[in-house]
Every structure is written in structure tokens, then in C-alpha cells.
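Asks: Below is the structure I would like to discuss, written out as C-alpha cells.
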Amino acid sequence: MQIPLIDLKAQYGRIHDEIDAAMRETMETTTFIGGPQVDAFEAEFARYLGVPHALGVSSGTSGLHLALLVAGIAAGDEVVLPAHTFIATSEVVGRLGARIRFCEIDEATFTLDPAALEKAITPRTRAVIPVHLYGHPADFDPIAEIAARRGLRVIEDAAQAHGARYRGNRCGALASLAAFSFYPGKNLGAYGDAGGVIATDATELERMRSLSNHGRLDKHRHREEGFNYRLDGLQAAVLRVKLRHLDEWNAQRRRAARWYAERLAAVPGVVLPATASWAEHVYHLFVVRVPDRDRVFARLHEHGIGAGIHYPVPLHLQPAYADLGHRQGDFPVTERVASEIISLPIYPEITEEQVDRVCATLRESLVR
Ligand SMILES: *Cc1c(COP(=O)(O)O)cnc(C)c1O
């Protein structure tokens with residue numbers, strides 16, 4: 001019996017009637033670009049988050065790119081972001097000609113360490129991107145306090161945190177700008193690439209809407225050069241169906257996390273993921289730390305457990321960032337975490353028996 005890291009087939013099996021009807025309607029009305037599905041999804045997602053408006057875009061990466069653009073980030077500026085995240089968080093900064101300033105993470109939550117943020121800021125720093133990694137919110141209030149005091153914009157990377165809450169408020173509704181990914185494997189995932197971006201300021205949102213559609217003012221007039229970063233109608237149709245299930249799916253992910261915690265709490269060497277007192281975790285990933293990680297990872301795969309590693313190579317040590325001149329040892333917490341983490345299978349449909357098997361296999365993998 002194989003247990004995959006995520007199981008999108010199991011999910012489709014439960015919702016195919018709703019999905020097929022929504023896609024059929026989009027095809028019959030041929031509303032492939034823009035149209036009622038996109039408008040409705042934007043309104044429903046904004047309502048879900050409790051924000052005035054949301055914009056559907058082509059991916060989480062394009063959403064981050066638009067957010068940084070409207071924040072005015074350009075060549076010569078610096079942007080602080082965690083060294084422990086996916087490269088989409090940083091590549092948009094670099095591609096705007098701005099300088100990336102990597103920052104250390106908090107060892108318990110795997111998210112940006114506010115104390116390290118304060119030290120990373122220079123007179124050229126213009127923005128900070130906290131990442132709500134694995135579905136656990138970053139410690140937003142101290143980050144926002146530092147940002148306000150030092151005159152920085154805050155842009156949330158909420159790509160892994162659909163539905164997560166920080167002190168009762170949804171991730172993506174905390175800062176004045178935020179980006180979501182709807183990559184298929186995310187907690188709210190499309191059937192292809194898709195993303196969303198939030199701006200509390202209506203002018204910034206409308207500028208992003210225009211930029212995402214070739215800088216259009218209307219059909220034939222372009223206010224500025226833009227991009228084709230639009231969300232398509234079929235993806236919006238899928239996302240509307242899946243948004244209705246998101247809270248239930250997140251609750252099922254939390255139930256699976258409890259099953260893991262019950263079985264692994266007393267296993268020597270295994271460090272379970274923490275949940276801060278102010279956080280509601282949505283377990284996009286269930287990440288444990290183990291000794292001798294690479295051997296344990298190989299053993300799990302030999303026994304059919306589709307574990308993952310998110311992410312084994314910290315950004316500051318990536319070949320893409322060799323020119324920033326970082327060395328091993330620059331971010332010790334990030335590096336230690338990167339060498340010890342394993343993502344165990346988690347998805348709403350995972351069964352207690354499957355969790356049992358993952359845990360039994362993990363225990364055996366640790367002793368040998
Ligand atoms: C998935 C992800 C992104 C990028 O989203 P895409 O939709 O794949 O472009 C950005 N940041 C983080 C933390 C992610 O996990």
C-alpha cells in the first residue's frame with residue numbers, strides 16, 4: 001500500500017459531480033477569460049477572508065510580483081524575507097532589480113523571526129515578506145510593529161495558509177497586501193496554475209487588476225505596460241466549488257495532525273510541529289524533524305511512504321543566489337531545520353489507518 005504525500009484523486013472522487021457541473025457550465029457559456037466565474041470567485045474569496053476585495057491571477061508568483069510592483073519596489077530597494085521558503089518568495093524581488101535580504105526564522109514555527117527582521121533592516125529596506133509557511137501564520141504583530149516604525153510595506157506570502165488564522169484573523173487579511181497560490185496541491189488548489197492577490201487599498205487593487213491584463217484602461221487603451229497574469233474561467237469555476245469545502249478540509253487536516261501527534265509524541269528523536277498560542281494552523285504540510293534525515297527519508301520511500309522535504313536547500317545557499325555571497329553558517333537555524341525536516345503525508349482524506357502506517361514506518365526507520 002502506497003501512501004502519497006498528497007492525494008488529489010481522493011479529493012476529486014468526492015467532489016466530481018460539483019466540479020464537472022461547474023466546468024461544464026463554463027464551457028457551455030465559453031467564459032474562459034474573465035467573466036462571471038472569475039467575478040464571483042473574487043467576491044467569494046474576499047468575503048471568506050473578510051477583506052473588501054480580491055483579485056484572481058494566474059499564479060501565486062504573479063500575485064507576489066504584482067503586489068511588489070504596486071508597493072513601488074524597484075532597483076536599489078531592499079526587501080527582507082525568510083531564508084527558509086520556496087524561491088517564488090524571493091525571485092520576484094530579484095527580478096524587479098531589488099536586493100533580497102534573507103532573514104533567519106524562528107525555530108518553533110519555521111517563520112520569519114521578528115528579532116532577526118529588526119537586525120536585517122538597512123536604510124534602503126522598503127518592504128518585508130512574512131511567509132505563513134506550512135500553514136502556520138508568521139508572528140504578524142511584532143513584524144507589523146517593526147515595519148511601521150521603520151517605514152516598510154508588509155506583503156504577506158499566504159501561498160500555504162488558506163484559512164489559517166493569526167489571533168482570530170485570516171492570513172492574507174493581516175497586511176495591506178497579500179498573495180495566495182492556488183497551485184493544485186495547495187489547501188485551496190485549482191486544476192492548473194492560479195493565484196490570488198489581496199489589497200485593502202482600492203486604488204492598488206485596481207492597478208494590479210490593470211497590470212494583470214496588459215495595463216488596460218479599457219479594451220483599446222493601455223495606461224502602462226503590464227502582463228498577462230489573468231485568472232481563467234475554468235480555474236475560477238473549480239476554485240468556487242473548492243472554496244465551499246475549504247474549512248471542512250482544513251478541519252480534517254487538523255484531525256490528521258492530531259492523529260500524528262498522538263502517535264509520535266513519545267517517539268525519541270522526533271520533533272513535532274508546534275502551534276503558537278496565537279495561531280490556527282491549517283497544516284498545508286505536516287513537518288517533523290528527525291535525526292539522520294536523509295536515511296530516514298530513503299527508508300520511508302522504500303516502504304511506500306511519499307514523504308517530502310520542504311525545503312532541503314536554504315535560499316541563501318542556492319546557486320541562483322551565489323552572487324549575494326552567503327556562506328554555510330550565515331543562518332544556523334534555517335540550515336539546521338533544512339537538514340532535519342521531513343514532510344509526512346497529509347491531506348483531508350487521509351485515514352487514521354494510513355497515519356498509523358506512516359508512523360509505524362517512521363518508528364522503524366529511526367531505529368535502523
Ligand atoms: C506555492 C508557493 C508560491 C508560488 O505559487 P505558484 O502558484 O506556484 O506560483 C509562493 N510562495 C510559497 C511559500 C509557495 O508555497
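So you can find residues: chains in the C-alpha cells are A, B, ... in the order shown, residues in each start at 1, and ligands are numbered from 1 in order.
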Give me the range 173-202 of chain A side of the contact with range 78-99 of chain A, cut-off 12 Å, one line per residue showing its nearest atom pair and distance in Å at one decimal, counting only C-alpha atoms, sorted by chain and residue number, as a Markdown table.
Replies:
```
| residue | atom | partner | partner_atom | distance |
| --- | --- | --- | --- | --- |
| A:Ala178 | CA | A:Thr89 | CA | 11.6 |
| A:Ala179 | CA | A:Thr89 | CA | 9.9 |
| A:Phe180 | CA | A:Thr89 | CA | 11.1 |
| A:Ser181 | CA | A:Ala88 | CA | 10.3 |
```
Asks: If you keep all heavy atoms, can you produce a file of those selected residues as a compact mmCIF listing (two decimals), in the first residue's frame?
Replies:
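out-v9.txt, written as the output of this step:
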```txt
# COMPACT_ATOMS: atom_id res chain seq x y z
N ALA A 178 -1.29 41.04 0.07
CA ALA A 178 -1.05 39.61 0.32
C ALA A 178 -1.23 38.84 -0.98
O ALA A 178 -2.01 39.23 -1.85
CB ALA A 178 -2.02 39.07 1.37
N ALA A 179 -0.50 37.73 -1.10
CA ALA A 179 -0.64 36.88 -2.29
C ALA A 179 -0.91 35.44 -1.86
O ALA A 179 -0.36 34.95 -0.87
CB ALA A 179 0.63 36.94 -3.14
N PHE A 180 -1.77 34.79 -2.63
CA PHE A 180 -2.09 33.37 -2.46
C PHE A 180 -1.72 32.61 -3.71
O PHE A 180 -1.84 33.14 -4.82
CB PHE A 180 -3.60 33.18 -2.25
CG PHE A 180 -4.10 33.58 -0.89
CD1 PHE A 180 -4.50 34.88 -0.64
CD2 PHE A 180 -4.16 32.64 0.14
CE1 PHE A 180 -4.95 35.25 0.62
CE2 PHE A 180 -4.62 33.01 1.39
CZ PHE A 180 -5.02 34.32 1.63
N SER A 181 -1.35 31.35 -3.55
CA SER A 181 -1.21 30.44 -4.68
C SER A 181 -2.38 29.46 -4.66
O SER A 181 -2.76 28.99 -3.59
CB SER A 181 0.10 29.65 -4.56
OG SER A 181 0.09 28.56 -5.48
```
Asks: Please, which residues in chain A fall within 10 Å of ligand 1 when counting only C-alpha atoms and all ligand atoms, and what is the closest atom pair and distance in Å to one decimal for each, ordered by chain then residue number, as a Markdown table?
Replies:
```
| residue | atom | partner | partner_atom_place_in_ligand_line | distance |
| --- | --- | --- | --- | --- |
| A:Val57 | CA | ligand 1 | 7 (O) | 9.3 |
| A:Ser58 | CA | ligand 1 | 7 (O) | 7.6 |
| A:Ser59 | CA | ligand 1 | 7 (O) | 3.9 |
| A:Gly60 | CA | ligand 1 | 7 (O) | 3.5 |
| A:Thr61 | CA | ligand 1 | 9 (O) | 3.7 |
| A:Ser62 | CA | ligand 1 | 9 (O) | 6.5 |
| A:Gly63 | CA | ligand 1 | 9 (O) | 7.8 |
| A:Leu64 | CA | ligand 1 | 10 (C) | 7.6 |
| A:His65 | CA | ligand 1 | 9 (O) | 9.8 |
| A:His84 | CA | ligand 1 | 13 (C) | 9.2 |
| A:Thr85 | CA | ligand 1 | 13 (C) | 5.6 |
| A:Phe86 | CA | ligand 1 | 13 (C) | 5.1 |
| A:Ile87 | CA | ligand 1 | 11 (N) | 7.2 |
| A:Ala88 | CA | ligand 1 | 10 (C) | 4.6 |
| A:Thr89 | CA | ligand 1 | 11 (N) | 5.0 |
| A:Ser90 | CA | ligand 1 | 11 (N) | 8.6 |
| A:Glu91 | CA | ligand 1 | 10 (C) | 9.7 |
| A:Val92 | CA | ligand 1 | 10 (C) | 9.8 |
| A:Pro130 | CA | ligand 1 | 13 (C) | 9.5 |
| A:Val131 | CA | ligand 1 | 13 (C) | 6.1 |
| A:His132 | CA | ligand 1 | 13 (C) | 7.3 |
| A:Leu133 | CA | ligand 1 | 13 (C) | 6.1 |
| A:Tyr134 | CA | ligand 1 | 15 (O) | 7.9 |
| A:Gly135 | CA | ligand 1 | 13 (C) | 9.6 |
| A:Glu156 | CA | ligand 1 | 11 (N) | 9.6 |
| A:Asp157 | CA | ligand 1 | 11 (N) | 5.9 |
| A:Ala158 | CA | ligand 1 | 13 (C) | 7.0 |
| A:Ala159 | CA | ligand 1 | 14 (C) | 4.7 |
| A:Gln160 | CA | ligand 1 | 15 (O) | 5.3 |
| A:Ala161 | CA | ligand 1 | 13 (C) | 8.9 |
| A:Ala179 | CA | ligand 1 | 10 (C) | 8.0 |
| A:Phe180 | CA | ligand 1 | 5 (O) | 7.0 |
| A:Ser181 | CA | ligand 1 | 7 (O) | 4.0 |
| A:Phe182 | CA | ligand 1 | 7 (O) | 5.6 |
| A:Tyr183 | CA | ligand 1 | 7 (O) | 4.7 |
| A:Pro184 | CA | ligand 1 | 7 (O) | 8.5 |
| A:Gly185 | CA | ligand 1 | 1 (C) | 8.5 |
| A:Lys186 | CA | ligand 1 | 1 (C) | 7.1 |
| A:Gly189 | CA | ligand 1 | 7 (O) | 9.1 |
| A:Ala190 | CA | ligand 1 | 7 (O) | 9.6 |
| A:Gly192 | CA | ligand 1 | 7 (O) | 9.2 |
| A:Asp193 | CA | ligand 1 | 7 (O) | 6.0 |
| A:Ala194 | CA | ligand 1 | 7 (O) | 5.8 |
| A:Gly195 | CA | ligand 1 | 7 (O) | 5.5 |
| A:Gly196 | CA | ligand 1 | 7 (O) | 8.8 |
| A:His284 | CA | ligand 1 | 15 (O) | 9.2 |
| A:His310 | CA | ligand 1 | 15 (O) | 9.2 |
```
Asks: Quick one: of A:Leu239, A:Ala298, A:Leu324, A:Cys171, who's nearest to Leu366 in chain A, counting only C-alpha atoms?
Replies: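 Looking only at the distances to Leu366 in chain A, the closest residue turns out to be A:Ala298.
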Asks: Could you list, as an mmCIF file with N, CA, C and O atoms, in the first residue's frame, every residue within 12 Å of Val70 in chain A, counting only C-alpha atoms and ignoring same-chain residues fewer than 4 positions away?
Replies:
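And here's out.cif as it stands now:
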```
data_model
loop_
_atom_site.group_PDB
_atom_site.id
_atom_site.type_symbol
_atom_site.label_atom_id
_atom_site.label_comp_id
_atom_site.auth_asym_id
_atom_site.auth_seq_id
_atom_site.Cartn_x
_atom_site.Cartn_y
_atom_site.Cartn_z
ATOM 1 N N GLY A 63 1.019 36.885 -8.489
ATOM 2 C CA GLY A 63 0.406 37.700 -7.443
ATOM 3 C C GLY A 63 1.452 38.444 -6.619
ATOM 4 O O GLY A 63 1.303 39.637 -6.334
ATOM 5 N N LEU A 64 2.508 37.735 -6.227
ATOM 6 C CA LEU A 64 3.593 38.386 -5.474
ATOM 7 C C LEU A 64 4.251 39.480 -6.308
ATOM 8 O O LEU A 64 4.568 40.559 -5.795
ATOM 9 N N HIS A 65 4.442 39.195 -7.586
ATOM 10 C CA HIS A 65 5.066 40.171 -8.483
ATOM 11 C C HIS A 65 4.228 41.450 -8.538
ATOM 12 O O HIS A 65 4.752 42.560 -8.393
ATOM 13 N N LEU A 66 2.907 41.296 -8.709
ATOM 14 C CA LEU A 66 2.020 42.465 -8.773
ATOM 15 C C LEU A 66 2.024 43.240 -7.454
ATOM 16 O O LEU A 66 2.050 44.474 -7.447
ATOM 17 N N ALA A 74 11.540 48.614 -6.496
ATOM 18 C CA ALA A 74 12.277 48.768 -7.755
ATOM 19 C C ALA A 74 13.771 48.651 -7.476
ATOM 20 O O ALA A 74 14.190 48.439 -6.323
ATOM 21 N N LEU A 96 12.701 42.178 -10.019
ATOM 22 C CA LEU A 96 12.367 43.603 -10.065
ATOM 23 C C LEU A 96 13.629 44.464 -9.951
ATOM 24 O O LEU A 96 13.546 45.689 -9.964
ATOM 25 N N ALA A 127 10.543 46.932 2.184
ATOM 26 C CA ALA A 127 9.423 46.004 2.419
ATOM 27 C C ALA A 127 9.918 44.738 3.109
ATOM 28 O O ALA A 127 11.112 44.426 3.084
ATOM 29 N N ARG A 153 6.701 48.491 3.854
ATOM 30 C CA ARG A 153 5.468 47.801 3.487
ATOM 31 C C ARG A 153 5.577 46.347 3.930
ATOM 32 O O ARG A 153 6.666 45.775 3.888
ATOM 33 N N ILE A 155 4.121 42.609 2.929
ATOM 34 C CA ILE A 155 3.416 41.830 1.908
ATOM 35 C C ILE A 155 3.389 40.384 2.389
ATOM 36 O O ILE A 155 4.441 39.751 2.525
ATOM 37 N N SER A 176 -1.654 45.024 4.277
ATOM 38 C CA SER A 176 -2.400 45.738 3.230
ATOM 39 C C SER A 176 -2.208 45.084 1.862
ATOM 40 O O SER A 176 -2.940 45.387 0.924
ATOM 41 N N LEU A 177 -1.241 44.159 1.752
ATOM 42 C CA LEU A 177 -1.036 43.412 0.504
ATOM 43 C C LEU A 177 -0.739 41.950 0.855
ATOM 44 O O LEU A 177 -0.001 41.681 1.810
ATOM 45 N N ALA A 178 -1.291 41.035 0.072
ATOM 46 C CA ALA A 178 -1.048 39.614 0.318
ATOM 47 C C ALA A 178 -1.226 38.843 -0.981
ATOM 48 O O ALA A 178 -2.012 39.234 -1.846
ATOM 49 N N VAL A 197 -4.571 37.735 -5.236
ATOM 50 C CA VAL A 197 -3.857 38.788 -4.545
ATOM 51 C C VAL A 197 -4.865 39.712 -3.879
ATOM 52 O O VAL A 197 -5.971 39.920 -4.387
ATOM 53 N N ILE A 198 -4.479 40.186 -2.691
ATOM 54 C CA ILE A 198 -5.369 40.995 -1.850
ATOM 55 C C ILE A 198 -4.720 42.362 -1.680
ATOM 56 O O ILE A 198 -3.513 42.445 -1.445
ATOM 57 N N ALA A 199 -5.519 43.420 -1.799
ATOM 58 C CA ALA A 199 -5.044 44.756 -1.421
ATOM 59 C C ALA A 199 -6.200 45.436 -0.705
ATOM 60 O O ALA A 199 -7.331 45.404 -1.195
ATOM 61 N N ASP A 201 -6.317 48.594 -0.200
ATOM 62 C CA ASP A 201 -6.495 49.880 -0.873
ATOM 63 C C ASP A 201 -7.075 49.640 -2.278
ATOM 64 O O ASP A 201 -6.484 48.939 -3.104
ATOM 65 N N ALA A 202 -8.236 50.265 -2.549
ATOM 66 C CA ALA A 202 -8.931 50.021 -3.821
ATOM 67 C C ALA A 202 -8.101 50.486 -5.016
ATOM 68 O O ALA A 202 -8.123 49.846 -6.079
ATOM 69 N N THR A 203 -7.347 51.558 -4.869
ATOM 70 C CA THR A 203 -6.520 52.054 -5.976
ATOM 71 C C THR A 203 -5.416 51.050 -6.309
ATOM 72 O O THR A 203 -5.145 50.778 -7.483
ATOM 73 N N GLU A 204 -4.796 50.489 -5.256
ATOM 74 C CA GLU A 204 -3.750 49.484 -5.500
ATOM 75 C C GLU A 204 -4.356 48.241 -6.144
ATOM 76 O O GLU A 204 -3.752 47.648 -7.044
ATOM 77 N N LEU A 205 -5.540 47.844 -5.693
ATOM 78 C CA LEU A 205 -6.154 46.649 -6.283
ATOM 79 C C LEU A 205 -6.472 46.882 -7.758
ATOM 80 O O LEU A 205 -6.200 46.023 -8.610
ATOM 81 N N GLU A 206 -7.018 48.051 -8.079
ATOM 82 C CA GLU A 206 -7.372 48.325 -9.478
ATOM 83 C C GLU A 206 -6.121 48.429 -10.346
ATOM 84 O O GLU A 206 -6.123 48.032 -11.505
ATOM 85 N N ARG A 207 -5.021 48.953 -9.777
ATOM 86 C CA ARG A 207 -3.778 48.982 -10.563
ATOM 87 C C ARG A 207 -3.289 47.555 -10.827
ATOM 88 O O ARG A 207 -2.858 47.240 -11.945
ATOM 89 N N MET A 208 -3.397 46.697 -9.836
ATOM 90 C CA MET A 208 -2.985 45.304 -10.053
ATOM 91 C C MET A 208 -3.892 44.616 -11.070
ATOM 92 O O MET A 208 -3.428 43.838 -11.898
ATOM 93 N N ARG A 209 -5.194 44.928 -11.010
ATOM 94 C CA ARG A 209 -6.122 44.338 -11.975
ATOM 95 C C ARG A 209 -5.726 44.747 -13.402
ATOM 96 O O ARG A 209 -5.698 43.931 -14.320
ATOM 97 N N SER A 210 -5.389 46.037 -13.553
ATOM 98 C CA SER A 210 -4.996 46.531 -14.861
ATOM 99 C C SER A 210 -3.665 45.907 -15.308
ATOM 100 O O SER A 210 -3.540 45.421 -16.443
ATOM 101 N N LEU A 211 -2.682 45.880 -14.384
ATOM 102 C CA LEU A 211 -1.374 45.285 -14.719
ATOM 103 C C LEU A 211 -1.521 43.820 -15.128
ATOM 104 O O LEU A 211 -0.789 43.342 -16.008
ATOM 105 N N SER A 212 -2.462 43.116 -14.489
ATOM 106 C CA SER A 212 -2.622 41.688 -14.786
ATOM 107 C C SER A 212 -3.249 41.480 -16.165
ATOM 108 O O SER A 212 -3.257 40.357 -16.681
ATOM 109 N N GLY A 226 1.876 46.033 -19.021
ATOM 110 C CA GLY A 226 1.509 45.098 -17.961
ATOM 111 C C GLY A 226 1.944 43.694 -18.310
ATOM 112 O O GLY A 226 3.006 43.489 -18.907
#
```
Asks: Report as a PDB file with C-alpha atoms, in the first residue's frame all protein, DNA and RNA residues lying within 8 Å of Pro52 in chain A, evaluated on only C-alpha atoms, omitting residues in the same chain fewer than 4 positions from it.
Replies:
```pdb
ATOM      1  CA  ALA A  46     -12.783  38.310  -0.401  1.00  0.00           C
ATOM      2  CA  ARG A  47     -15.826  37.513   1.767  1.00  0.00           C
ATOM      3  CA  THR A 200      -7.009  46.709   1.152  1.00  0.00           C
TER       4      THR A 200
END
```
Asks: In Å, how far is it from CA of Asp20 in chain A to CA of Asp247 in chain A?
Replies: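 One can read the CA of Asp20 in chain A to CA of Asp247 in chain A distance as 21.3 Å.
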Asks: Taking the chain letters and numbering used in this document, name the residues of range 38-180 of chain A that DSSP puts in alpha helix (DSSP H), as a PyMOL selection string.
Replies: chain A and resi 38-49+60-70+88-95+114-120+140-150
Asks: If you measure from CA of Gly151 in chain A to CA of Thr125 in chain A, what distance in Å do you get, rounded to one decimal?
Replies: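 Taking CA of Gly151 in chain A and CA of Thr125 in chain A, their separation equals 8.7 Å.
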Asks: Just checking: using only C-alpha atoms, which residue out of A:Tyr48, A:Trp249, A:Phe227, A:Tyr347 ends up closest to Leu69 in chain A?
Replies: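 With only C-alpha atoms as the atom set, the closest residue is A:Phe227.
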Asks: I'd like to know which of A:His53, A:Arg289, A:Arg327, A:Arg24 is closest to Gly269 in chain A, using only C-alpha atoms.
Replies: A:Arg289
